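Shown below: data18.csv, with CSV, C-alpha atoms and all ligand atoms.
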```
chain,number,residue,atom,x,y,z
H,80,MET,CA,204.3,172.4,-122.2
H,81,GLU,CA,206.6,170.7,-119.8
H,82,SER,CA,204.0,170.5,-117.1
H,83,LEU,CA,201.4,169.3,-119.7
H,84,LYS,CA,203.8,166.6,-120.9
H,85,ALA,CA,204.4,165.5,-117.3
H,86,LEU,CA,200.7,165.4,-116.6
H,87,ILE,CA,200.1,163.3,-119.7
H,88,GLN,CA,202.9,160.9,-118.9
H,89,GLU,CA,201.7,160.4,-115.4
H,90,GLN,CA,198.2,159.6,-116.8
H,91,GLU,CA,199.6,157.3,-119.4
H,92,VAL,CA,201.1,155.2,-116.7
H,93,ALA,CA,197.8,155.3,-114.8
H,94,ILE,CA,196.1,154.0,-117.9
H,95,GLN,CA,198.6,151.2,-118.4
H,96,ASN,CA,198.3,150.1,-114.8
H,97,PHE,CA,194.5,150.2,-114.8
H,98,LYS,CA,193.4,146.6,-114.5
H,99,ILE,CA,190.3,145.8,-116.5
H,100,SER,CA,189.0,142.2,-116.1
H,101,ASN,CA,185.2,142.6,-115.9
H,102,ALA,CA,182.4,144.9,-117.0
H,103,ALA,CA,182.4,146.8,-113.7
H,104,GLU,CA,186.1,147.7,-114.0
H,105,LEU,CA,185.6,148.7,-117.6
H,106,GLU,CA,182.9,151.0,-116.6
H,107,GLN,CA,185.0,152.5,-113.8
H,108,TYR,CA,187.8,153.0,-116.4
H,109,ARG,CA,185.4,154.7,-118.8
H,110,ILE,CA,184.2,157.1,-116.1
H,111,GLN,CA,187.7,157.9,-114.8
H,112,PHE,CA,189.3,158.5,-118.2
H,113,LEU,CA,186.6,159.0,-120.9
H,114,GLY,CA,183.6,160.3,-119.0
H,115,THR,CA,182.3,163.8,-119.2
H,116,LYS,CA,184.2,164.6,-116.0
H,117,GLY,CA,187.0,162.3,-116.8
H,118,ILE,CA,190.7,162.9,-117.2
H,119,VAL,CA,190.8,163.2,-121.0
H,120,LYS,CA,188.2,165.9,-120.9
H,121,SER,CA,190.0,167.8,-118.0
H,122,ILE,CA,193.4,167.7,-119.7
H,123,PHE,CA,191.8,168.9,-123.0
H,124,SER,CA,190.5,171.9,-121.0
H,125,GLU,CA,194.1,172.8,-120.2
H,126,MET,CA,194.4,173.8,-123.9
H,127,LYS,CA,193.0,177.2,-123.2
H,128,ASN,CA,196.0,177.9,-120.9
H,129,VAL,CA,198.6,176.9,-123.6
H,130,PRO,CA,200.2,179.8,-125.4
H,131,VAL,CA,199.4,180.1,-129.1
H,132,GLU,CA,202.8,179.1,-130.3
H,133,PHE,CA,202.6,175.7,-128.5
H,134,LYS,CA,199.0,175.0,-129.3
H,135,LYS,CA,199.8,172.7,-132.3
H,136,ASP,CA,202.3,170.5,-130.4
H,137,ALA,CA,200.1,170.4,-127.4
H,138,GLY,CA,197.1,169.4,-129.6
H,139,GLN,CA,199.1,166.5,-131.0
H,140,LEU,CA,200.1,165.3,-127.5
H,141,LEU,CA,196.6,165.5,-126.3
H,142,ASN,CA,195.2,163.6,-129.3
H,143,ALA,CA,197.7,160.9,-128.9
H,144,PHE,CA,196.8,160.6,-125.3
H,145,LYS,CA,193.1,160.5,-126.0
H,146,LEU,CA,193.7,157.8,-128.6
H,147,LEU,CA,195.6,155.7,-126.1
H,148,ALA,CA,192.8,156.0,-123.6
H,149,GLU,CA,190.2,155.1,-126.1
H,150,GLU,CA,192.2,152.1,-127.5
H,151,LYS,CA,192.4,150.5,-124.1
H,152,PHE,CA,188.7,150.9,-123.7
H,153,ALA,CA,188.0,149.4,-127.2
H,154,ALA,CA,190.3,146.5,-126.4
H,155,HIS,CA,188.1,145.5,-123.5
H,156,ALA,CA,184.7,146.5,-125.0
H,157,HIS,CA,183.7,142.8,-125.3
H,158,LEU,CA,183.3,142.8,-121.5
H,159,GLN,CA,180.6,145.4,-121.8
H,160,GLN,CA,178.7,143.4,-124.4
H,161,ALA,CA,178.7,140.5,-122.0
H,162,LYS,CA,177.3,142.8,-119.4
H,163,VAL,CA,174.5,144.0,-121.6
H,164,ALA,CA,173.6,140.4,-122.4
H,165,ALA,CA,173.6,139.6,-118.7
H,166,GLN,CA,171.3,142.5,-118.0
H,167,GLN,CA,168.8,141.3,-120.5
H,168,GLU,CA,169.1,137.8,-119.2
H,169,ILE,CA,169.5,136.3,-122.6
H,170,ASP,CA,170.3,132.7,-122.5
H,171,ASN,CA,171.0,131.6,-126.0
H,172,THR,CA,171.1,128.0,-125.0
H,173,LEU,CA,167.4,127.9,-124.0
H,174,PRO,CA,164.9,126.3,-126.4
H,175,ALA,CA,162.6,128.9,-128.0
H,176,ALA,CA,159.2,129.6,-126.4
H,177,SER,CA,156.6,127.3,-127.9
H,178,LEU,CA,153.6,128.8,-129.7
H,179,PRO,CA,150.3,127.6,-128.3
H,180,ILE,CA,148.5,125.5,-130.9
H,181,GLY,CA,144.8,124.6,-131.0
H,182,THR,CA,143.3,121.3,-130.1
H,183,ARG,CA,140.8,119.1,-131.8
H,184,HIS,CA,137.2,119.5,-130.5
H,185,PRO,CA,136.1,116.4,-128.6
H,186,LEU,CA,133.2,115.9,-131.0
H,187,LYS,CA,135.6,115.9,-133.9
H,188,ILE,CA,137.9,113.4,-132.2
H,189,VAL,CA,135.0,111.0,-131.7
H,190,GLU,CA,133.5,111.6,-135.1
H,191,ASN,CA,136.9,110.8,-136.6
H,192,GLN,CA,137.1,107.6,-134.5
H,193,ILE,CA,133.6,106.5,-135.7
H,194,VAL,CA,134.4,107.2,-139.3
H,195,SER,CA,137.7,105.4,-139.2
H,196,ILE,CA,136.1,102.3,-137.6
H,197,PHE,CA,133.6,102.0,-140.4
H,198,GLU,CA,136.3,102.8,-143.0
H,199,LYS,CA,138.1,99.6,-141.8
H,200,ILE,CA,135.1,97.5,-142.9
H,201,GLY,CA,134.7,99.1,-146.3
H,202,PHE,CA,132.5,102.2,-145.7
H,203,ALA,CA,133.3,105.4,-147.7
H,204,VAL,CA,132.6,108.8,-146.3
H,205,ALA,CA,129.7,110.8,-147.8
H,206,THR,CA,128.4,114.2,-146.9
H,207,GLY,CA,125.4,116.4,-147.9
H,208,PRO,CA,124.0,119.9,-147.4
H,209,GLU,CA,122.7,121.2,-144.0
H,210,VAL,CA,120.0,123.2,-145.7
H,211,GLU,CA,117.7,120.5,-147.3
H,212,ASP,CA,114.6,120.3,-149.3
H,213,ASP,CA,111.5,118.5,-148.1
H,214,TRP,CA,112.1,115.6,-150.5
H,215,HIS,CA,115.5,114.6,-149.1
H,216,ASN,CA,114.8,115.2,-145.5
H,217,PHE,CA,111.3,113.8,-145.3
H,218,THR,CA,109.3,112.7,-148.3
H,219,SER,CA,111.8,110.3,-150.0
H,220,LEU,CA,112.4,108.8,-146.6
H,221,ASN,CA,108.9,107.4,-146.5
H,222,MET,CA,107.6,110.4,-144.7
H,223,PRO,CA,105.1,112.0,-147.0
H,224,GLU,CA,103.4,115.3,-146.1
H,225,ASN,CA,101.2,115.1,-143.0
H,226,HIS,CA,102.9,111.9,-142.0
H,227,THR,CA,102.8,111.8,-138.2
H,228,ALA,CA,106.4,110.8,-138.0
H,229,ARG,CA,107.4,114.3,-139.0
H,230,ASP,CA,106.3,115.3,-135.5
H,231,MET,CA,109.1,113.1,-134.1
H,232,GLN,CA,111.5,115.9,-135.0
H,233,ASP,CA,110.9,119.5,-134.4
H,234,THR,CA,112.0,121.2,-137.6
H,235,PHE,CA,113.5,124.6,-138.4
H,236,TYR,CA,111.9,125.8,-141.6
H,237,VAL,CA,114.0,128.1,-143.8
H,238,SER,CA,111.1,128.7,-146.1
H,239,GLN,CA,107.7,127.1,-146.4
H,240,GLN,CA,106.8,127.3,-150.1
H,241,PRO,CA,108.9,125.6,-151.4
H,242,ASP,CA,109.9,123.7,-148.2
H,243,TRP,CA,113.5,124.3,-147.2
H,244,VAL,CA,114.6,123.0,-143.8
H,245,LEU,CA,117.7,122.7,-141.7
H,246,ARG,CA,118.1,119.0,-142.0
H,247,THR,CA,116.8,117.2,-138.9
H,248,HIS,CA,118.9,114.1,-139.4
H,249,THR,CA,121.8,112.8,-141.6
H,250,SER,CA,119.3,110.3,-143.2
H,251,SER,CA,118.9,113.0,-145.8
H,252,VAL,CA,122.4,112.1,-147.0
H,253,GLN,CA,121.2,108.5,-147.5
H,254,ALA,CA,118.6,109.9,-149.9
H,255,ARG,CA,121.2,111.9,-151.8
H,256,ILE,CA,123.5,108.9,-152.1
H,257,LEU,CA,120.7,106.5,-153.2
H,258,GLU,CA,119.7,109.2,-155.8
H,259,LYS,CA,123.1,109.5,-157.5
H,260,GLU,CA,125.4,106.6,-156.7
H,261,ALA,CA,125.6,103.2,-158.4
H,262,LEU,CA,124.9,100.1,-156.4
H,263,PRO,CA,126.3,98.6,-154.2
H,264,ILE,CA,126.5,101.5,-151.8
H,265,ARG,CA,128.3,101.4,-148.5
H,266,VAL,CA,128.7,104.9,-146.9
H,267,ILE,CA,129.2,106.5,-143.5
H,268,CYS,CA,127.8,110.1,-143.3
H,269,PRO,CA,129.0,112.4,-140.5
H,270,GLY,CA,127.4,115.8,-140.2
H,271,ARG,CA,125.6,118.5,-138.2
H,272,VAL,CA,121.8,118.4,-137.8
H,273,TYR,CA,119.3,120.8,-136.3
H,274,ARG,CA,116.1,120.5,-134.3
H,275,ASN,CA,113.9,123.2,-132.7
H,276,GLU,CA,114.5,122.2,-129.1
H,277,THR,CA,114.9,124.3,-126.0
H,278,ILE,CA,118.6,124.3,-125.1
H,279,SER,CA,119.4,122.5,-121.9
H,280,ALA,CA,122.0,120.1,-120.5
H,281,ARG,CA,120.2,117.3,-122.3
H,282,ALA,CA,119.0,118.9,-125.6
H,283,HIS,CA,120.4,121.4,-128.1
H,284,CYS,CA,119.1,123.0,-131.2
H,285,PHE,CA,122.0,121.6,-133.2
H,286,PHE,CA,124.0,118.4,-132.8
H,287,HIS,CA,125.9,115.8,-134.8
H,288,GLN,CA,125.1,112.4,-136.3
H,289,CYS,CA,126.8,109.7,-138.1
H,290,GLU,CA,124.7,107.8,-140.5
H,291,GLY,CA,125.5,104.4,-142.1
H,292,LEU,CA,124.0,102.9,-145.2
H,293,TYR,CA,124.6,99.6,-146.9
H,294,VAL,CA,122.6,98.5,-150.0
H,295,ASN,CA,123.4,95.4,-152.0
H,296,LYS,CA,121.9,92.1,-152.9
H,297,ASN,CA,121.2,89.8,-150.0
H,298,VAL,CA,121.9,92.3,-147.2
H,299,SER,CA,120.3,91.0,-144.0
H,300,PHE,CA,119.7,92.1,-140.4
H,301,ALA,CA,122.6,89.8,-139.4
H,302,ASP,CA,124.9,91.9,-141.5
H,303,LEU,CA,123.7,95.0,-139.7
H,304,LYS,CA,124.3,93.4,-136.3
H,305,GLN,CA,127.8,92.2,-137.4
H,306,ALA,CA,128.8,95.7,-138.5
H,307,LEU,CA,127.5,97.3,-135.3
H,308,TYR,CA,129.1,94.6,-133.1
H,309,PHE,CA,132.4,95.5,-134.7
H,310,PHE,CA,131.8,99.1,-134.1
H,311,VAL,CA,131.0,98.6,-130.4
H,312,THR,CA,134.1,96.4,-129.9
H,313,GLU,CA,136.4,98.9,-131.5
H,314,MET,CA,134.8,102.0,-129.8
H,315,PHE,CA,134.1,100.7,-126.3
H,316,GLY,CA,136.1,97.5,-126.0
H,317,ALA,CA,135.4,93.8,-126.4
H,318,ASP,CA,133.7,93.4,-123.0
H,319,THR,CA,130.9,95.7,-123.9
H,320,LYS,CA,127.5,93.9,-124.2
H,321,VAL,CA,125.0,94.9,-126.8
H,322,ARG,CA,121.2,94.5,-127.0
H,323,PHE,CA,118.6,95.5,-129.7
H,324,ARG,CA,115.1,96.7,-128.9
H,325,PRO,CA,112.3,96.9,-131.5
H,326,SER,CA,111.6,100.5,-132.5
H,327,TYR,CA,110.0,102.5,-135.2
H,328,PHE,CA,111.5,104.7,-138.0
H,329,PRO,CA,109.5,105.4,-141.1
H,330,PHE,CA,112.5,104.7,-143.4
H,331,THR,CA,113.4,101.3,-141.9
H,332,GLU,CA,111.5,98.1,-141.4
H,333,PRO,CA,112.1,96.3,-139.2
H,334,SER,CA,113.6,99.0,-137.0
H,335,ALA,CA,115.6,98.8,-133.7
H,336,GLU,CA,117.4,100.8,-131.2
H,337,MET,CA,120.7,99.5,-129.9
H,338,ASP,CA,121.9,99.7,-126.3
H,339,ILE,CA,125.3,98.9,-124.9
H,340,SER,CA,126.1,97.9,-121.4
H,341,CYS,CA,127.0,101.0,-119.4
H,342,THR,CA,130.7,101.7,-119.8
H,343,VAL,CA,130.9,103.7,-116.5
H,344,CYS,CA,129.3,101.3,-114.0
H,345,GLY,CA,129.6,98.1,-116.1
H,346,GLY,CA,125.9,97.4,-115.6
H,347,THR,CA,125.5,97.9,-111.9
H,348,GLY,CA,123.7,101.2,-112.3
H,349,CYS,CA,124.9,104.8,-112.3
H,350,ASN,CA,123.8,108.3,-113.4
H,351,LEU,CA,124.9,107.8,-117.0
H,352,CYS,CA,122.6,104.7,-117.5
H,353,LYS,CA,120.0,106.1,-115.2
H,354,HIS,CA,120.5,103.0,-113.1
H,355,THR,CA,119.4,100.6,-115.8
H,356,GLY,CA,122.8,99.3,-116.7
H,357,TRP,CA,122.2,100.1,-120.4
H,358,VAL,CA,122.7,103.2,-122.5
H,359,GLU,CA,121.0,103.7,-125.9
H,360,ILE,CA,123.5,104.7,-128.6
H,361,LEU,CA,121.8,104.4,-132.0
H,362,GLY,CA,118.7,103.7,-134.2
H,363,CYS,CA,118.9,101.3,-137.1
H,364,GLY,CA,117.0,98.9,-139.3
H,365,MET,CA,116.5,97.5,-142.8
H,366,VAL,CA,115.9,100.1,-145.4
H,367,HIS,CA,112.2,100.3,-146.0
H,368,PRO,CA,111.1,98.9,-149.5
H,369,ASN,CA,109.2,102.2,-150.1
H,370,MET,CA,112.4,104.1,-149.8
H,371,LEU,CA,114.2,101.9,-152.2
H,372,LYS,CA,111.3,102.3,-154.6
H,373,ASN,CA,111.6,106.1,-154.3
H,374,PHE,CA,115.0,105.8,-155.9
H,375,ASN,CA,114.1,103.2,-158.5
H,376,ILE,CA,115.8,100.4,-156.7
H,377,ASP,CA,113.9,97.1,-156.9
H,378,PRO,CA,113.3,95.9,-153.3
H,379,GLU,CA,112.9,92.3,-154.7
H,380,VAL,CA,116.5,92.3,-155.8
H,381,TYR,CA,118.2,94.7,-153.4
H,382,SER,CA,118.0,95.1,-149.7
H,383,GLY,CA,119.9,97.3,-147.3
H,384,TYR,CA,120.5,98.4,-143.7
H,385,ALA,CA,120.9,101.8,-142.2
H,386,PHE,CA,121.8,103.1,-138.8
H,387,GLY,CA,122.2,106.6,-137.3
H,388,MET,CA,124.0,107.6,-134.1
H,389,GLY,CA,124.5,110.9,-132.2
H,390,VAL,CA,128.1,111.9,-132.0
H,391,GLU,CA,127.4,113.9,-128.8
H,392,ARG,CA,125.9,110.8,-127.2
H,393,ILE,CA,129.0,108.7,-128.0
H,394,THR,CA,131.3,111.4,-126.8
H,395,GLN,CA,129.3,111.7,-123.6
H,396,ILE,CA,129.7,108.0,-122.9
H,397,LYS,CA,133.4,108.0,-123.8
H,398,PHE,CA,134.4,111.1,-121.8
H,399,GLN,CA,131.5,111.3,-119.3
H,400,ILE,CA,130.4,114.8,-120.4
H,401,ASN,CA,127.1,115.4,-118.7
H,402,ASP,CA,126.1,118.8,-120.2
H,403,LEU,CA,125.5,119.2,-124.0
H,404,ARG,CA,126.0,122.9,-123.8
H,405,LEU,CA,129.7,122.4,-123.0
H,406,TYR,CA,130.4,121.3,-126.6
H,407,SER,CA,129.5,124.7,-128.0
H,408,GLN,CA,130.5,127.2,-125.3
H,409,ASN,CA,134.1,127.4,-126.5
H,410,ASP,CA,135.4,127.3,-123.0
H,411,VAL,CA,139.1,126.6,-123.3
H,412,ARG,CA,139.2,125.0,-119.8
H,413,PHE,CA,136.9,122.3,-121.2
H,414,LEU,CA,138.5,122.1,-124.6
H,415,ARG,CA,142.1,121.8,-123.3
H,416,GLN,CA,141.2,118.6,-121.5
H,417,PHE,CA,141.3,116.9,-124.9
H,418,GLU,CA,144.7,118.2,-125.9
H,419,ARG,CA,146.5,114.9,-125.9
H,420,LEU,CA,143.9,112.9,-127.8
A,501,LIG,N1,117.5,109.3,-138.5
A,501,LIG,C1,117.2,108.7,-137.3
A,501,LIG,C2,117.1,109.8,-136.2
A,501,LIG,O1,117.6,110.8,-136.4
A,501,LIG,C3,118.2,107.7,-136.9
A,501,LIG,C4,118.2,106.5,-137.9
A,501,LIG,C5,119.1,106.5,-138.9
A,501,LIG,C6,117.4,105.4,-137.6
A,501,LIG,C7,119.1,105.4,-139.8
A,501,LIG,C8,117.4,104.3,-138.5
A,501,LIG,C9,118.3,104.3,-139.6
A,501,LIG,O2,116.6,109.5,-135.1
```
The structure given in the file should be rewritten as structure tokens.
Amino acid sequence: MESLKALIQEQEVAIQNFKISNAAELEQYRIQFLGTKGIVKSIFSEMKNVPVEFKKDAGQLLNAFKLLAEEKFAAHAHLQQAKVAAQQEIDNTLPAASLPIGTRHPLKIVENQIVSIFEKIGFAVATGPEVEDDWHNFTSLNMPENHTARDMQDTFYVSQQPDWVLRTHTSSVQARILEKEALPIRVICPGRVYRNETISARAHCFFHQCEGLYVNKNVSFADLKQALYFFVTEMFGADTKVRFRPSYFPFTEPSAEMDISCTVCGGTGCNLCKHTGWVEILGCGMVHPNMLKNFNIDPEVYSGYAFGMGVERITQIKFQINDLRLYSQNDVRFLRQFERL
């Protein structure tokens, strides 16, 4: 007992004198006193040498010693937590990692711009179905069966009898609006259209259009020009020049195509304008009297204008995208370039 007491006292002093000021020293302490080969364990193993009559006292002494050793460790345990945190390199002051979010598609960015420009001058948004019947896509638009103008657009037929098609243009929405809305009508119609074309850098089997329609009393070609001038100024800037060329669409008379001065070269000639200085951006005209009649609107009382533009074309001019296929390939390297718009 005496020698056991002496041994314990000696180790108690050692414990008291052990300086713990960081995680490494704490670990050293743990190994030295509390580890599997540590002093507490080795003194406990002395128990087997203690005669039976002293076992109880010896047990108490040992337990008190063990408690002392453990208390000192517990008192410095916070140092160990700091060490764990340091090992995991947790810096609670750092901002959280941001979740990557998607971006708007360039076509949607431009479509939104087109729509909001026309909204400023009183146009309401209208949409229609992508699968259309013959009446809304062709016949009501002054293109009766066997009309040669149907060949202008290579059509995807969903069924032939009755005729269901993937709409070839957003002019079908004009028909639907004239059919059900009260006059006056002033709508802008964005949407996807389909044509049976071989896919290449310059053509695709689907693309997007924005159609405009205004029908009221006394609507003139001057009103059409005014609306389109406003659009060009807002979209491409006040310096952009505009010209109209006579053209043909079955549902407008007179019809025109509108060009703007090339926004890339400013008119001196480049690839975008094919060295002409001008780029075509839309078709337009005064709504054909036959079309108004198809919807029981008296062309002697009412007149209207319509225009239709390709969203891909406007996007190509704005962002100089020279391959139509990029729009639908879902390549994030392409799409990420529009992140901040
Ligand atoms: N629908 C025509 C096209 O797809 C464009 C257009 C719309 C022309 C409205 C005139 C008026 O080519």
Non-local contacts of H:Thr342 (9 Å; only C-alpha atoms; under 5 positions in same chain excluded) as an NGL selection string: :H and (315 or 319 or 351-352 or 356-358 or 396-397)
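The space separating atom CA of H:Ile339 from atom CA of H:Arg322 comes to 6.4 Å.
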Nearby residues (all atoms listed in the file) at most 12 Å from H:Ser382, same-chain spacing under 3 positions excluded, as a PyMOL selection string: chain H and resi 262-264+292-300+302-303+331-332+364-372+376-379+385
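Take atom CA of H:Arg412 and atom CA of H:Arg281: the distance between them is 20.7 Å.
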Surrounding residues of stretch 213-224 of chain H excluding itself and chain neighbours under 3 positions, 7 Å, all atoms listed in the file, as an MDAnalysis selection string: chainID H and resid 228:229 242:244 246 251 254:255 329:330 369:370 373
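With atom CA of H:Gln88 on one side and atom CA of H:Ala143 on the other, the separation reads 11.3 Å.
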Go through chain H residue by residue and, counting all atoms listed in the file, keep those with an atom at most 9 Å from ligand LIG 501 (chain A); for each kept residue give the shortest atom pair and its distance in Å to one decimal, ordered by chain and increasing number, as JSON lines.
```
{"residue": "H:Met231", "atom": "CA", "partner": "A:LIG501", "partner_atom": "O2", "distance": 8.4}
{"residue": "H:Gln232", "atom": "CA", "partner": "A:LIG501", "partner_atom": "O1", "distance": 8.1}
{"residue": "H:Thr247", "atom": "CA", "partner": "A:LIG501", "partner_atom": "O1", "distance": 6.9}
{"residue": "H:His248", "atom": "CA", "partner": "A:LIG501", "partner_atom": "O1", "distance": 4.6}
{"residue": "H:Thr249", "atom": "CA", "partner": "A:LIG501", "partner_atom": "N1", "distance": 6.4}
{"residue": "H:Ser250", "atom": "CA", "partner": "A:LIG501", "partner_atom": "N1", "distance": 5.1}
{"residue": "H:Ser251", "atom": "CA", "partner": "A:LIG501", "partner_atom": "N1", "distance": 8.3}
{"residue": "H:Gln253", "atom": "CA", "partner": "A:LIG501", "partner_atom": "C7", "distance": 8.6}
{"residue": "H:Val272", "atom": "CA", "partner": "A:LIG501", "partner_atom": "O1", "distance": 8.8}
{"residue": "H:Gln288", "atom": "CA", "partner": "A:LIG501", "partner_atom": "O1", "distance": 7.7}
{"residue": "H:Cys289", "atom": "CA", "partner": "A:LIG501", "partner_atom": "C5", "distance": 8.4}
{"residue": "H:Glu290", "atom": "CA", "partner": "A:LIG501", "partner_atom": "C5", "distance": 6.0}
{"residue": "H:Gly291", "atom": "CA", "partner": "A:LIG501", "partner_atom": "C7", "distance": 6.9}
{"residue": "H:Leu292", "atom": "CA", "partner": "A:LIG501", "partner_atom": "C7", "distance": 7.7}
{"residue": "H:Tyr327", "atom": "CA", "partner": "A:LIG501", "partner_atom": "C8", "distance": 8.3}
{"residue": "H:Phe328", "atom": "CA", "partner": "A:LIG501", "partner_atom": "C8", "distance": 5.9}
{"residue": "H:Pro329", "atom": "CA", "partner": "A:LIG501", "partner_atom": "C8", "distance": 8.4}
{"residue": "H:Phe330", "atom": "CA", "partner": "A:LIG501", "partner_atom": "C8", "distance": 6.9}
{"residue": "H:Thr331", "atom": "CA", "partner": "A:LIG501", "partner_atom": "C8", "distance": 6.0}
{"residue": "H:Ser334", "atom": "CA", "partner": "A:LIG501", "partner_atom": "C8", "distance": 6.7}
{"residue": "H:Ala335", "atom": "CA", "partner": "A:LIG501", "partner_atom": "C8", "distance": 7.5}
{"residue": "H:Glu336", "atom": "CA", "partner": "A:LIG501", "partner_atom": "C6", "distance": 7.9}
{"residue": "H:Leu361", "atom": "CA", "partner": "A:LIG501", "partner_atom": "C3", "distance": 6.9}
{"residue": "H:Gly362", "atom": "CA", "partner": "A:LIG501", "partner_atom": "C6", "distance": 4.0}
{"residue": "H:Cys363", "atom": "CA", "partner": "A:LIG501", "partner_atom": "C8", "distance": 3.6}
{"residue": "H:Gly364", "atom": "CA", "partner": "A:LIG501", "partner_atom": "C8", "distance": 5.5}
{"residue": "H:Met365", "atom": "CA", "partner": "A:LIG501", "partner_atom": "C9", "distance": 7.7}
{"residue": "H:Val366", "atom": "CA", "partner": "A:LIG501", "partner_atom": "C9", "distance": 7.6}
{"residue": "H:Tyr384", "atom": "CA", "partner": "A:LIG501", "partner_atom": "C9", "distance": 7.5}
{"residue": "H:Ala385", "atom": "CA", "partner": "A:LIG501", "partner_atom": "C9", "distance": 4.4}
{"residue": "H:Phe386", "atom": "CA", "partner": "A:LIG501", "partner_atom": "C7", "distance": 3.7}
{"residue": "H:Gly387", "atom": "CA", "partner": "A:LIG501", "partner_atom": "C5", "distance": 3.5}
{"residue": "H:Met388", "atom": "CA", "partner": "A:LIG501", "partner_atom": "C3", "distance": 6.4}
{"residue": "H:Gly389", "atom": "CA", "partner": "A:LIG501", "partner_atom": "O1", "distance": 8.1}
```
H:Asp212, H:Asn96, H:Arg415, H:Lys120 ranked by distance to H:Pro241, top pick (using only C-alpha atoms): H:Asp212
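Of the listed residues H:Glu211, H:Arg419, H:Phe374, H:Leu113, the one whose atoms come nearest to H:Glu258 is H:Phe374, with distances taken using all atoms listed in the file.
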Any chance you could build stretch 107-112 of chain H out to all heavy atoms and write it as a JSON list (two decimals), in the frame of the given file?
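This went into rebuild21.json:
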```json
[["chain", "number", "residue", "atom", "x", "y", "z"],
["H", 107, "GLN", "N", 184.25, 151.58, -114.71],
["H", 107, "GLN", "CA", 185.00, 152.50, -113.80],
["H", 107, "GLN", "C", 186.09, 153.23, -114.66],
["H", 107, "GLN", "O", 186.27, 154.43, -114.55],
["H", 107, "GLN", "CB", 185.77, 151.62, -112.81],
["H", 107, "GLN", "CG", 185.49, 152.04, -111.40],
["H", 107, "GLN", "CD", 186.15, 151.06, -110.42],
["H", 107, "GLN", "OE1", 186.82, 150.10, -110.81],
["H", 107, "GLN", "NE2", 185.95, 151.32, -109.15],
["H", 108, "TYR", "N", 186.77, 152.44, -115.51],
["H", 108, "TYR", "CA", 187.80, 153.00, -116.40],
["H", 108, "TYR", "C", 187.20, 154.08, -117.28],
["H", 108, "TYR", "O", 187.74, 155.17, -117.44],
["H", 108, "TYR", "CB", 188.44, 151.90, -117.24],
["H", 108, "TYR", "CG", 189.40, 152.40, -118.29],
["H", 108, "TYR", "CD1", 190.75, 152.62, -117.98],
["H", 108, "TYR", "CD2", 188.97, 152.68, -119.59],
["H", 108, "TYR", "CE1", 191.64, 153.10, -118.94],
["H", 108, "TYR", "CE2", 189.85, 153.17, -120.55],
["H", 108, "TYR", "CZ", 191.18, 153.37, -120.22],
["H", 108, "TYR", "OH", 192.05, 153.86, -121.17],
["H", 109, "ARG", "N", 186.04, 153.77, -117.86],
["H", 109, "ARG", "CA", 185.40, 154.70, -118.80],
["H", 109, "ARG", "C", 185.09, 156.03, -118.06],
["H", 109, "ARG", "O", 185.39, 157.12, -118.55],
["H", 109, "ARG", "CB", 184.11, 154.11, -119.34],
["H", 109, "ARG", "CG", 183.49, 154.92, -120.48],
["H", 109, "ARG", "CD", 182.09, 154.43, -120.84],
["H", 109, "ARG", "NE", 181.14, 154.60, -119.72],
["H", 109, "ARG", "CZ", 180.58, 155.76, -119.37],
["H", 109, "ARG", "NH1", 180.87, 156.85, -120.05],
["H", 109, "ARG", "NH2", 179.74, 155.81, -118.35],
["H", 110, "ILE", "N", 184.51, 155.89, -116.86],
["H", 110, "ILE", "CA", 184.20, 157.10, -116.10],
["H", 110, "ILE", "C", 185.41, 157.92, -115.79],
["H", 110, "ILE", "O", 185.48, 159.12, -116.00],
["H", 110, "ILE", "CB", 183.38, 156.74, -114.83],
["H", 110, "ILE", "CG1", 182.01, 156.14, -115.23],
["H", 110, "ILE", "CG2", 183.19, 157.95, -113.92],
["H", 110, "ILE", "CD1", 181.29, 155.45, -114.09],
["H", 111, "GLN", "N", 186.45, 157.18, -115.31],
["H", 111, "GLN", "CA", 187.70, 157.90, -114.80],
["H", 111, "GLN", "C", 188.40, 158.59, -115.98],
["H", 111, "GLN", "O", 188.84, 159.72, -115.83],
["H", 111, "GLN", "CB", 188.61, 156.86, -114.19],
["H", 111, "GLN", "CG", 189.81, 157.50, -113.51],
["H", 111, "GLN", "CD", 190.58, 156.48, -112.68],
["H", 111, "GLN", "OE1", 189.99, 155.55, -112.13],
["H", 111, "GLN", "NE2", 191.90, 156.63, -112.60],
["H", 112, "PHE", "N", 188.49, 157.95, -117.15],
["H", 112, "PHE", "CA", 189.30, 158.50, -118.20],
["H", 112, "PHE", "C", 188.46, 159.18, -119.34],
["H", 112, "PHE", "O", 188.81, 160.22, -119.85],
["H", 112, "PHE", "CB", 190.23, 157.49, -118.83],
["H", 112, "PHE", "CG", 191.31, 157.08, -117.86],
["H", 112, "PHE", "CD1", 191.19, 155.92, -117.10],
["H", 112, "PHE", "CD2", 192.44, 157.89, -117.68],
["H", 112, "PHE", "CE1", 192.17, 155.56, -116.19],
["H", 112, "PHE", "CE2", 193.43, 157.53, -116.75],
["H", 112, "PHE", "CZ", 193.30, 156.36, -116.00]]
```
